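Okay, model.txt now, which holds compact mmCIF, C-alpha atoms:
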```
# COMPACT_ATOMS: atom_id res chain seq x y z
CA MET T 1 -0.61 -16.13 -6.44
CA ALA T 2 -0.14 -15.50 -10.16
CA LEU T 3 3.29 -14.02 -10.88
CA PRO T 4 4.37 -11.92 -13.87
CA VAL T 5 7.23 -13.00 -16.10
CA VAL T 6 10.13 -10.83 -14.98
CA ASP T 7 12.19 -10.07 -18.09
CA PRO T 8 14.30 -6.91 -17.71
CA SER T 9 15.04 -6.91 -21.46
CA GLN T 10 11.34 -6.24 -22.10
CA TYR T 11 10.85 -3.61 -19.40
CA ASP T 12 11.33 -0.46 -21.49
CA ILE T 13 9.07 -1.75 -24.26
CA GLN T 14 6.30 -2.69 -21.82
CA LEU T 15 6.52 0.63 -19.96
CA ASN T 16 6.32 2.56 -23.23
CA ASP T 17 3.22 0.53 -24.15
CA LYS T 18 1.63 1.49 -20.83
CA LYS T 19 2.34 5.16 -21.52
CA THR T 20 0.85 4.89 -25.01
CA ASN T 21 -2.27 3.20 -23.61
CA ILE T 22 -2.73 5.96 -21.02
CA GLU T 23 -2.33 8.67 -23.67
CA GLN T 24 -5.02 6.98 -25.76
CA GLN T 25 -7.34 6.31 -22.81
CA PHE T 26 -7.17 9.92 -21.59
CA ALA T 27 -7.15 11.52 -25.06
CA GLU T 28 -10.47 13.26 -24.32
CA PHE T 29 -8.71 15.45 -21.75
CA ASN T 30 -6.24 18.20 -22.45
CA LEU T 31 -3.33 16.27 -20.97
CA PRO T 32 -0.12 17.98 -19.94
CA PRO T 33 3.09 16.10 -20.84
CA ILE T 34 3.03 12.75 -19.02
CA GLU T 35 5.70 12.32 -16.34
CA LEU T 36 7.02 8.77 -16.29
CA PHE T 37 8.47 7.14 -13.16
CA GLU T 38 10.20 3.80 -13.64
CA SER T 39 10.58 0.84 -11.31
CA GLU T 40 13.62 -1.21 -10.50
CA ARG T 41 13.75 -4.08 -12.99
CA THR T 42 14.08 -6.79 -10.31
CA ALA T 43 13.70 -7.12 -6.52
CA TYR T 44 11.13 -4.34 -6.50
CA ARG T 45 8.27 -5.83 -4.53
CA LEU T 46 8.37 -5.42 -0.75
CA ARG T 47 5.42 -7.63 0.10
CA ALA T 48 4.16 -10.88 -1.33
CA GLU T 49 1.84 -13.79 -0.58
CA PHE T 50 2.60 -17.35 -1.64
CA ARG T 51 0.38 -20.44 -1.58
CA VAL T 52 2.09 -23.52 -0.16
CA TRP T 53 1.64 -26.94 -1.74
CA HIS T 54 2.05 -30.28 0.07
CA GLU T 55 3.08 -33.34 -1.91
CA GLY T 56 4.17 -36.30 0.20
CA ASP T 57 7.20 -35.17 2.16
CA ASP T 58 7.73 -32.22 -0.13
CA LEU T 59 6.63 -28.66 0.48
CA TYR T 60 6.87 -25.86 -2.08
CA TYR T 61 5.40 -22.57 -3.28
CA VAL T 62 3.07 -22.60 -6.27
CA MET T 63 1.90 -20.05 -8.79
CA PHE T 64 -1.44 -20.33 -10.52
CA LYS T 65 -2.38 -19.43 -14.04
CA PRO T 66 -4.35 -16.17 -14.14
CA GLY T 67 -8.03 -16.90 -13.53
CA ASP T 68 -7.38 -20.57 -12.70
CA LYS T 69 -7.17 -21.70 -9.07
CA HIS T 70 -6.40 -25.32 -9.93
CA GLN T 71 -3.60 -25.41 -12.51
CA HIS T 72 -0.35 -24.48 -10.88
CA THR T 73 3.38 -24.70 -11.35
CA ARG T 74 6.14 -25.01 -8.78
CA LEU T 75 7.94 -21.80 -7.96
CA GLU T 76 11.71 -22.19 -8.06
CA THR T 77 12.78 -18.52 -8.14
CA CYS T 78 11.09 -15.18 -7.61
CA PRO T 79 13.16 -12.25 -8.93
CA MET T 80 10.33 -9.73 -8.42
CA VAL T 81 10.47 -9.76 -4.59
CA SER T 82 12.92 -7.78 -2.48
CA GLU T 83 16.35 -9.07 -1.54
CA PRO T 84 15.36 -9.76 2.12
CA ILE T 85 12.47 -11.96 0.91
CA GLN T 86 14.58 -13.75 -1.71
CA GLN T 87 17.25 -14.55 0.86
CA VAL T 88 14.79 -16.26 3.21
CA MET T 89 11.78 -17.61 1.32
CA PHE T 90 13.30 -20.91 0.10
CA ARG T 91 15.47 -21.44 3.18
CA LEU T 92 12.23 -21.22 5.18
CA LEU T 93 10.76 -24.17 3.27
CA ASP T 94 13.93 -26.18 3.90
CA TYR T 95 13.43 -25.59 7.63
CA LEU T 96 9.71 -26.43 7.56
CA ARG T 97 9.82 -29.66 5.49
CA PRO T 98 11.08 -31.97 8.26
CA ASN T 99 9.10 -30.17 10.98
CA GLU T 100 5.69 -31.82 11.19
CA LEU T 101 4.26 -29.40 13.74
CA LEU T 102 5.08 -26.25 11.74
CA ARG T 103 4.36 -27.60 8.27
CA ARG T 104 1.10 -29.49 8.87
CA ARG T 105 -1.89 -27.68 7.32
CA LEU T 106 0.21 -24.64 6.41
CA PHE T 107 -1.40 -23.19 3.29
CA GLN T 108 0.13 -19.74 2.78
CA VAL T 109 3.18 -17.66 3.67
CA ASP T 110 3.05 -13.85 3.61
CA PHE T 111 6.14 -11.66 3.52
CA LEU T 112 6.42 -7.98 4.43
CA SER T 113 9.82 -6.33 3.95
CA THR T 114 11.16 -2.78 3.93
CA LEU T 115 13.73 -0.77 1.99
CA SER T 116 15.63 -0.53 5.28
CA GLY T 117 15.98 -4.34 5.44
CA GLU T 118 13.36 -5.45 7.98
CA LEU T 119 11.27 -8.56 7.38
CA ILE T 120 8.10 -10.06 8.86
CA ILE T 121 6.80 -13.50 7.89
CA SER T 122 3.24 -14.67 8.54
CA LEU T 123 2.41 -18.39 8.46
CA LEU T 124 -1.26 -19.12 7.67
CA TYR T 125 -2.85 -22.42 8.73
CA HIS T 126 -5.99 -24.48 8.32
CA LYS T 127 -5.72 -25.71 11.93
CA PRO T 128 -5.85 -24.28 15.47
CA LEU T 129 -2.54 -22.99 16.80
CA ASP T 130 -1.67 -24.02 20.35
CA GLU T 131 1.17 -23.70 22.86
CA ASP T 132 3.12 -26.52 21.20
CA TRP T 133 3.04 -24.61 17.90
CA THR T 134 4.13 -21.44 19.69
CA GLU T 135 7.12 -23.12 21.30
CA GLU T 136 8.22 -24.59 17.99
CA ALA T 137 7.71 -21.25 16.24
CA LYS T 138 9.98 -19.57 18.81
CA LYS T 139 12.78 -21.90 17.67
CA LEU T 140 12.01 -20.90 14.10
CA LYS T 141 12.26 -17.23 14.99
CA GLN T 142 15.54 -17.77 16.81
CA HIS T 143 16.96 -19.67 13.84
CA PHE T 144 16.25 -16.90 11.32
CA GLY T 145 16.45 -13.90 13.64
CA ILE T 146 13.40 -12.20 12.12
CA HIS T 147 9.78 -11.57 13.11
CA PHE T 148 7.21 -14.38 12.73
CA ILE T 149 3.42 -14.40 13.12
CA GLY T 150 1.07 -17.37 13.15
CA ARG T 151 -2.47 -17.08 11.83
CA SER T 152 -5.42 -19.42 11.77
CA ARG T 153 -9.14 -18.84 11.93
CA LYS T 154 -9.84 -16.13 14.57
CA THR T 155 -6.30 -16.55 15.92
CA LYS T 156 -3.21 -14.42 15.57
CA ILE T 157 -0.07 -15.33 17.50
CA VAL T 158 2.60 -12.62 17.53
CA LEU T 159 5.95 -13.91 18.76
CA ASP T 160 7.35 -10.44 19.41
CA GLN T 161 5.92 -7.72 17.12
CA ASP T 162 3.57 -7.53 14.16
CA PHE T 163 5.04 -4.50 12.42
CA ALA T 164 8.13 -3.36 10.57
CA VAL T 165 9.61 0.11 10.67
CA GLU T 166 10.36 1.46 7.22
CA LYS T 167 12.88 4.24 6.64
CA MET T 168 12.65 6.07 3.32
CA SER T 169 14.82 8.86 1.97
CA VAL T 170 12.39 11.33 0.40
CA ALA T 171 13.89 14.43 -1.23
CA GLY T 172 16.91 14.18 1.06
CA ARG T 173 14.89 13.68 4.25
CA GLU T 174 14.50 10.39 6.12
CA LEU T 175 10.89 9.49 6.81
CA ILE T 176 9.88 6.74 9.24
CA TYR T 177 6.81 4.56 8.77
CA LYS T 178 5.31 1.91 11.00
CA GLN T 179 3.96 -0.79 8.68
CA VAL T 180 1.64 -3.33 10.29
CA GLU T 181 1.36 -6.89 9.07
CA ASN T 182 -1.81 -7.65 7.11
CA SER T 183 -2.64 -3.97 6.50
CA PHE T 184 -2.06 -1.94 3.35
CA THR T 185 1.38 -0.66 2.43
CA GLN T 186 2.73 0.38 -0.96
CA PRO T 187 4.19 -2.79 -2.56
CA ASN T 188 6.94 -1.12 -4.59
CA GLY T 189 9.10 0.89 -2.20
CA GLY T 190 11.31 2.54 -4.81
CA VAL T 191 8.32 3.79 -6.78
CA CYS T 192 6.60 4.84 -3.55
CA VAL T 193 9.50 7.21 -2.85
CA GLN T 194 9.08 8.71 -6.33
CA MET T 195 5.34 9.15 -5.71
CA LEU T 196 6.00 11.00 -2.46
CA GLU T 197 8.58 13.26 -4.08
CA TRP T 198 6.20 14.01 -6.97
CA ALA T 199 3.37 14.88 -4.57
CA GLN T 200 5.73 17.14 -2.62
CA ASP T 201 6.73 18.88 -5.83
CA VAL T 202 3.22 19.53 -7.17
CA THR T 203 2.00 20.98 -3.84
CA GLU T 204 5.13 22.98 -3.04
CA ASN T 205 3.45 26.37 -3.45
CA ALA T 206 -0.13 25.39 -2.65
CA GLY T 207 -0.16 27.13 0.76
CA GLY T 208 -3.06 27.00 3.22
CA ASP T 209 -4.17 23.72 4.80
CA LEU T 210 -4.40 20.20 3.42
CA VAL T 211 -7.11 17.59 3.90
CA GLU T 212 -6.24 14.00 3.02
CA LEU T 213 -8.85 11.29 2.58
CA TYR T 214 -7.95 7.56 2.79
CA CYS T 215 -4.64 8.39 4.49
CA GLY T 216 -3.80 4.83 5.59
CA ASN T 217 -0.72 4.88 7.81
CA GLY T 218 0.07 8.45 6.75
CA ASN T 219 2.25 7.53 3.78
CA PHE T 220 1.62 10.80 1.92
CA THR T 221 0.76 12.74 5.07
CA MET T 222 4.27 12.62 6.51
CA ALA T 223 5.84 13.72 3.23
CA LEU T 224 3.42 16.56 2.45
CA ALA T 225 3.00 18.11 5.90
CA GLN T 226 5.99 20.40 5.30
CA ASN T 227 4.16 22.11 2.40
CA PHE T 228 1.13 23.20 4.45
CA GLU T 229 0.32 25.16 7.56
CA ARG T 230 -1.89 22.37 8.94
CA VAL T 231 -3.08 18.95 7.80
CA ILE T 232 -6.21 16.95 8.57
CA ALA T 233 -5.98 13.30 7.48
CA THR T 234 -8.88 10.84 7.67
CA GLU T 235 -8.88 7.05 7.83
CA ILE T 236 -11.43 4.50 9.07
CA ALA T 237 -9.22 1.45 9.75
CA LYS T 238 -8.15 1.43 13.42
CA VAL T 239 -4.82 -0.29 12.77
CA SER T 240 -3.89 2.31 10.15
CA VAL T 241 -4.95 5.19 12.41
CA TYR T 242 -2.73 3.90 15.22
CA ALA T 243 0.17 3.46 12.79
CA ALA T 244 -0.33 7.00 11.50
CA GLN T 245 -0.21 8.35 15.05
CA TYR T 246 3.05 6.46 15.61
CA ASN T 247 4.46 7.94 12.41
CA ILE T 248 3.53 11.49 13.42
CA GLU T 249 5.56 11.11 16.60
CA ALA T 250 8.44 9.26 14.93
CA ASN T 251 8.81 11.97 12.29
CA GLN T 252 8.27 14.81 14.78
CA VAL T 253 5.49 16.31 12.69
CA ASP T 254 3.56 18.88 14.69
CA ASN T 255 0.94 20.17 12.23
CA VAL T 256 -1.05 16.98 11.49
CA LYS T 257 -4.26 15.65 13.02
CA ILE T 258 -5.52 12.14 12.19
CA LEU T 259 -9.30 11.64 12.37
CA ARG T 260 -10.93 8.21 12.34
CA MET T 261 -13.71 9.13 9.94
CA SER T 262 -14.92 8.15 6.49
CA SER T 263 -14.85 10.71 3.68
CA GLU T 264 -18.64 10.95 3.93
CA GLU T 265 -18.50 11.63 7.67
CA PHE T 266 -15.79 14.24 7.19
CA SER T 267 -17.91 15.99 4.56
CA GLN T 268 -20.88 16.02 6.96
CA ALA T 269 -18.73 17.43 9.75
CA LEU T 270 -17.25 20.08 7.47
CA GLN T 271 -20.70 21.20 6.32
CA GLY T 272 -22.08 21.15 9.86
CA VAL T 273 -24.70 18.55 8.92
CA ARG T 274 -24.01 16.60 12.11
CA GLU T 275 -21.67 16.65 15.07
CA PHE T 276 -19.09 13.99 15.84
CA ARG T 277 -17.87 13.19 19.34
CA ARG T 278 -14.53 12.15 17.85
CA LEU T 279 -13.98 15.70 16.65
CA LYS T 280 -14.70 17.16 20.06
CA GLN T 281 -12.42 14.61 21.74
CA SER T 282 -9.57 15.48 19.36
CA GLU T 283 -10.19 19.19 19.92
CA VAL T 284 -10.35 19.89 16.19
CA ASP T 285 -12.24 23.00 15.09
CA LEU T 286 -12.75 22.49 11.35
CA SER T 287 -14.07 26.04 10.93
CA SER T 288 -10.60 27.37 11.80
CA TYR T 289 -8.95 25.60 8.86
CA ASN T 290 -8.20 27.17 5.49
CA PHE T 291 -8.29 24.10 3.26
CA SER T 292 -6.69 24.88 -0.10
CA THR T 293 -5.84 21.34 -1.17
CA VAL T 294 -7.27 17.84 -0.98
CA LEU T 295 -5.36 14.60 -1.53
CA VAL T 296 -7.16 11.36 -2.33
CA ASP T 297 -5.65 7.91 -2.79
CA PRO T 298 -8.79 5.76 -3.05
CA PRO T 299 -9.20 2.00 -3.55
CA ARG T 300 -9.61 0.55 -7.05
CA SER T 301 -13.29 1.48 -7.05
CA GLY T 302 -12.31 5.15 -7.18
CA LEU T 303 -14.38 7.99 -5.75
CA ASP T 304 -18.15 7.73 -5.42
CA ASP T 305 -20.28 10.60 -6.75
CA GLU T 306 -20.69 12.27 -3.37
CA THR T 307 -16.95 12.22 -2.68
CA VAL T 308 -16.25 13.64 -6.15
CA LYS T 309 -18.56 16.55 -5.31
CA GLN T 310 -16.77 17.03 -1.99
CA VAL T 311 -13.32 16.92 -3.62
CA ALA T 312 -14.39 19.48 -6.22
CA GLU T 313 -14.91 22.02 -3.42
CA TYR T 314 -11.14 22.48 -3.01
CA ASP T 315 -8.95 24.76 -5.13
CA ASN T 316 -6.25 22.10 -5.63
CA ILE T 317 -6.69 18.34 -6.03
CA VAL T 318 -4.01 15.66 -5.80
CA TYR T 319 -5.51 12.36 -6.97
CA VAL T 320 -3.40 9.18 -6.78
CA SER T 321 -5.08 6.26 -8.50
CA CYS T 322 -4.36 2.54 -8.80
CA ASN T 323 -7.08 2.13 -11.44
CA PRO T 324 -6.97 4.27 -14.60
CA ASP T 325 -10.56 3.29 -15.48
CA THR T 326 -12.11 4.80 -12.34
CA LEU T 327 -9.71 7.76 -12.55
CA GLN T 328 -10.96 8.42 -16.07
CA ASP T 329 -14.58 8.36 -14.89
CA ASN T 330 -13.85 10.70 -11.97
CA LEU T 331 -11.92 13.13 -14.17
CA LYS T 332 -14.95 13.58 -16.43
CA GLN T 333 -16.62 15.27 -13.48
CA LEU T 334 -13.60 16.96 -11.90
CA THR T 335 -12.43 18.61 -15.13
CA GLN T 336 -15.74 20.47 -15.34
CA THR T 337 -14.50 22.68 -12.49
CA HIS T 338 -10.73 22.07 -12.50
CA SER T 339 -7.86 22.04 -15.01
CA LEU T 340 -5.31 19.25 -15.31
CA GLN T 341 -1.90 20.67 -14.46
CA ARG T 342 0.22 17.52 -13.98
CA PHE T 343 -0.20 13.87 -14.97
CA ALA T 344 2.21 11.16 -13.83
CA ILE T 345 2.56 7.41 -14.38
CA PHE T 346 4.17 5.41 -11.58
CA ASP T 347 5.13 1.88 -12.60
CA GLN T 348 4.28 0.20 -9.30
CA PHE T 349 3.65 -3.17 -10.97
CA PRO T 350 6.26 -3.97 -13.65
CA TYR T 351 5.58 -6.69 -16.22
CA THR T 352 1.80 -6.42 -15.66
CA HIS T 353 -0.85 -4.16 -17.19
CA HIS T 354 -1.38 -2.50 -13.80
CA LEU T 355 0.05 0.91 -12.96
CA GLU T 356 -0.50 3.86 -10.66
CA CYS T 357 -1.36 7.36 -11.87
CA GLY T 358 -1.07 10.75 -10.21
CA VAL T 359 -2.90 13.89 -11.31
CA TYR T 360 -2.83 17.45 -10.01
CA LEU T 361 -5.74 19.75 -10.77
CA THR T 362 -6.39 23.40 -9.97
CA ARG T 363 -9.65 25.31 -10.03
CA LYS T 364 -10.49 26.97 -13.36
```
If you took the structure in this file and wrote it as structure tokens, what would it be?
Amino acid sequence: MALPVVDPSQYDIQLNDKKTNIEQQFAEFNLPPIELFESERTAYRLRAEFRVWHEGDDLYYVMFKPGDKHQHTRLETCPMVSEPIQQVMFRLLDYLRPNELLRRRLFQVDFLSTLSGELIISLLYHKPLDEDWTEEAKKLKQHFGIHFIGRSRKTKIVLDQDFAVEKMSVAGRELIYKQVENSFTQPNGGVCVQMLEWAQDVTENAGGDLVELYCGNGNFTMALAQNFERVIATEIAKVSVYAAQYNIEANQVDNVKILRMSSEEFSQALQGVREFRRLKQSEVDLSSYNFSTVLVDPPRSGLDDETVKQVAEYDNIVYVSCNPDTLQDNLKQLTQTHSLQRFAIFDQFPYTHHLECGVYLTRK
């Protein structure tokens, strides 16, 4: 893992540079005033992965130079990660060093924490994990009083549970999210809250029904459901679909349906090109919906051409992007039919060149 240099004294300068770069990159569009959402300066990252290095009897985390998997330096502190991770990560190594069974062939440690203080630690090995390992890991769990998971090739040992329950205060309302180990969650919890509040704000008067593509565990779905009569959210990863269903019940949301479908399949179903048994089983009649708004939060590759065409069919578009380059490409097509009403920068990844953008478009 390559880590940024966390220097709070440079934060404002770096964030202003990001804003300037975005203004220049998107100069071809008639941009509204950019809304800027800052991160906490330290302890902002809720999940992290660390490579573990063995040197004689010693055991420590290492960071690699960007683009170089061989040159590394020993990690002594990590101010970017959340307080729950900071409190445990080095104490964990102290526990593991003298324990041959738990330390042998350990090559990575993954941490997943929440704003509400929960923590899950996954230990990744280049060896089979057996009953002896499990018994020793139970002592580890008892010592720290947190959730542990063991992983090796084709093996996952869960000592009690493989998820954390996040609780976020969004616009004065507590939202609950089941977050499963080794599946996607927003890394910067504080900025995630700001993203949800922004999305709530831009869709406040949209009306009608919402369709959300790439919904994951329902991160945006739970926050936006209150602004619409009904919501259809699609996701293809089983683990995320199950987590989203959990979150619907936990938040007592009664106007959301989660469909395990790709964006392409949903488009085919909406157009009546083909029938899907999953739709019949979920008793969803798409023809009864009045979709006014679409929300997309795609991977770094952005939207493919067919999905862009599908998205352009809706009056209102909320597009959350983790890659300004693919957002720029997609906007060249979307702004042919829609006008940019809002443009936001969310500093999910301080002290790096990465950032998240949010745009809201309405039909011309």
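Each of T:Pro66, T:Gly189, T:Gly56, T:Gly117 was checked against Gln87 of chain T using all atoms listed in the file; the smallest atom-to-atom distance is that of T:Gly117.
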Please write as a PyMOL selection string the list of polymer residues whose atoms come within 10 Å of (0.9, 11.5, 14.3), counting only C-alpha atoms and keeping to the coordinates of the file. chain T and resi 217-218+221-222+233+241-258
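Take atom CA of Val88 of chain T and atom CA of Ala164 of chain T: the distance between them is 16.3 Å.
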Taking (5.3, 11.0, -4.3) as a centre in this file's frame and 12 Å as the limit, can you find every polymer residue with an atom that close, using all atoms listed in the file, and give them as a PyMOL selection string? chain T and resi 37+168-171+186+189-203+219-224+295+297+318-320+344-346+348+356-360
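Atom CA of Arg45 of chain T sits 11.7 Å away from atom CA of Val6 of chain T.
With atom CA of Glu283 of chain T on one side and atom CA of Glu265 of chain T on the other, the separation reads 16.6 Å.
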Once you add 6 Å to each side, what are the centre and edge lengths of the axis-aligned box holding all listed atoms of segment 40-51 of chain T? One decimal in Å, as AutoDock Vina command-line options, if you can.
```
--center_x 7.2 --center_y -10.8 --center_z -6.4 --size_x 25.7 --size_y 31.2 --size_z 25.1
```
Show me, as a ChimeraX atom specification, the residues that have an atom within 9 Å of Leu96 of chain T when counting only C-alpha atoms, minus same-chain residues fewer than 5 positions from it. /T:59,91,101-103,140
How would the residues just picked look written out with C-alpha atoms as a PDB file, in the frame of the given file?
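Wrote it out as again_38.pdb, contents follow:
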```pdb
ATOM      1  CA  LEU T  59       6.630 -28.660   0.480  1.00  0.00           C
ATOM      2  CA  ARG T  91      15.470 -21.440   3.180  1.00  0.00           C
ATOM      3  CA  LEU T 101       4.260 -29.400  13.740  1.00  0.00           C
ATOM      4  CA  LEU T 102       5.080 -26.250  11.740  1.00  0.00           C
ATOM      5  CA  ARG T 103       4.360 -27.600   8.270  1.00  0.00           C
ATOM      6  CA  LEU T 140      12.010 -20.900  14.100  1.00  0.00           C
TER       7      LEU T 140
END
```
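Counting only C-alpha atoms and comparing T:Ala206, T:Cys322, T:Val52, T:Ile317, the residue that lies closest to Thr335 of chain T is T:Ile317.
Between Glu131 of chain T and the candidates T:Ile157, T:Ala237, T:Ala43, T:Leu210, the tightest atom-to-atom separation, counting only C-alpha atoms, involves T:Ile157.
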Could you add whatever atoms are missing so that segment 200-221 of chain T carries N, CA and C atoms, then write the result as an mmCIF file, in the frame of the given file?
```cif
data_model
loop_
_atom_site.group_PDB
_atom_site.id
_atom_site.type_symbol
_atom_site.label_atom_id
_atom_site.label_comp_id
_atom_site.auth_asym_id
_atom_site.auth_seq_id
_atom_site.Cartn_x
_atom_site.Cartn_y
_atom_site.Cartn_z
ATOM 1 N N GLN T 200 5.099 15.982 -3.249
ATOM 2 C CA GLN T 200 5.730 17.140 -2.620
ATOM 3 C C GLN T 200 5.935 18.261 -3.627
ATOM 4 N N ASP T 201 6.409 17.892 -4.802
ATOM 5 C CA ASP T 201 6.730 18.880 -5.830
ATOM 6 C C ASP T 201 5.486 19.616 -6.329
ATOM 7 N N VAL T 202 4.397 18.872 -6.591
ATOM 8 C CA VAL T 202 3.220 19.530 -7.170
ATOM 9 C C VAL T 202 2.511 20.434 -6.164
ATOM 10 N N THR T 203 2.685 20.172 -4.867
ATOM 11 C CA THR T 203 2.000 20.980 -3.840
ATOM 12 C C THR T 203 2.923 21.985 -3.169
ATOM 13 N N GLU T 204 4.118 22.154 -3.713
ATOM 14 C CA GLU T 204 5.130 22.980 -3.040
ATOM 15 C C GLU T 204 4.633 24.389 -2.723
ATOM 16 N N ASN T 205 3.891 24.981 -3.641
ATOM 17 C CA ASN T 205 3.450 26.370 -3.450
ATOM 18 C C ASN T 205 1.947 26.482 -3.239
ATOM 19 N N ALA T 206 1.323 25.377 -2.814
ATOM 20 C CA ALA T 206 -0.130 25.390 -2.650
ATOM 21 C C ALA T 206 -0.568 26.302 -1.503
ATOM 22 N N GLY T 207 0.186 26.299 -0.396
ATOM 23 C CA GLY T 207 -0.160 27.130 0.760
ATOM 24 C C GLY T 207 -1.426 26.651 1.446
ATOM 25 N N GLY T 208 -1.839 27.348 2.496
ATOM 26 C CA GLY T 208 -3.060 27.000 3.220
ATOM 27 C C GLY T 208 -2.945 25.662 3.929
ATOM 28 N N ASP T 209 -4.091 24.998 4.082
ATOM 29 C CA ASP T 209 -4.170 23.720 4.800
ATOM 30 C C ASP T 209 -4.535 22.594 3.844
ATOM 31 N N LEU T 210 -4.150 21.389 4.226
ATOM 32 C CA LEU T 210 -4.400 20.200 3.420
ATOM 33 C C LEU T 210 -5.367 19.272 4.136
ATOM 34 N N VAL T 211 -6.307 18.694 3.380
ATOM 35 C CA VAL T 211 -7.110 17.590 3.900
ATOM 36 C C VAL T 211 -6.798 16.363 3.048
ATOM 37 N N GLU T 212 -6.553 15.250 3.727
ATOM 38 C CA GLU T 212 -6.240 14.000 3.020
ATOM 39 C C GLU T 212 -7.261 12.946 3.389
ATOM 40 N N LEU T 213 -7.884 12.365 2.378
ATOM 41 C CA LEU T 213 -8.850 11.290 2.580
ATOM 42 C C LEU T 213 -8.166 9.956 2.266
ATOM 43 N N TYR T 214 -8.549 8.890 2.979
ATOM 44 C CA TYR T 214 -7.950 7.560 2.790
ATOM 45 C C TYR T 214 -6.448 7.613 3.098
ATOM 46 N N CYS T 215 -6.069 8.135 4.239
ATOM 47 C CA CYS T 215 -4.640 8.390 4.490
ATOM 48 C C CYS T 215 -3.852 7.143 4.871
ATOM 49 N N GLY T 216 -4.521 6.040 5.206
ATOM 50 C CA GLY T 216 -3.800 4.830 5.590
ATOM 51 C C GLY T 216 -2.910 5.082 6.790
ATOM 52 N N ASN T 217 -1.649 4.681 6.696
ATOM 53 C CA ASN T 217 -0.720 4.880 7.810
ATOM 54 C C ASN T 217 -0.018 6.239 7.746
ATOM 55 N N GLY T 218 -0.533 7.118 6.878
ATOM 56 C CA GLY T 218 0.070 8.450 6.750
ATOM 57 C C GLY T 218 1.199 8.498 5.756
ATOM 58 N N ASN T 219 1.178 7.610 4.773
ATOM 59 C CA ASN T 219 2.250 7.530 3.780
ATOM 60 C C ASN T 219 2.506 8.890 3.123
ATOM 61 N N PHE T 220 1.474 9.477 2.537
ATOM 62 C CA PHE T 220 1.620 10.800 1.920
ATOM 63 C C PHE T 220 1.634 11.907 2.966
ATOM 64 N N THR T 221 0.901 11.703 4.046
ATOM 65 C CA THR T 221 0.760 12.740 5.070
ATOM 66 C C THR T 221 2.108 13.213 5.586
#
```
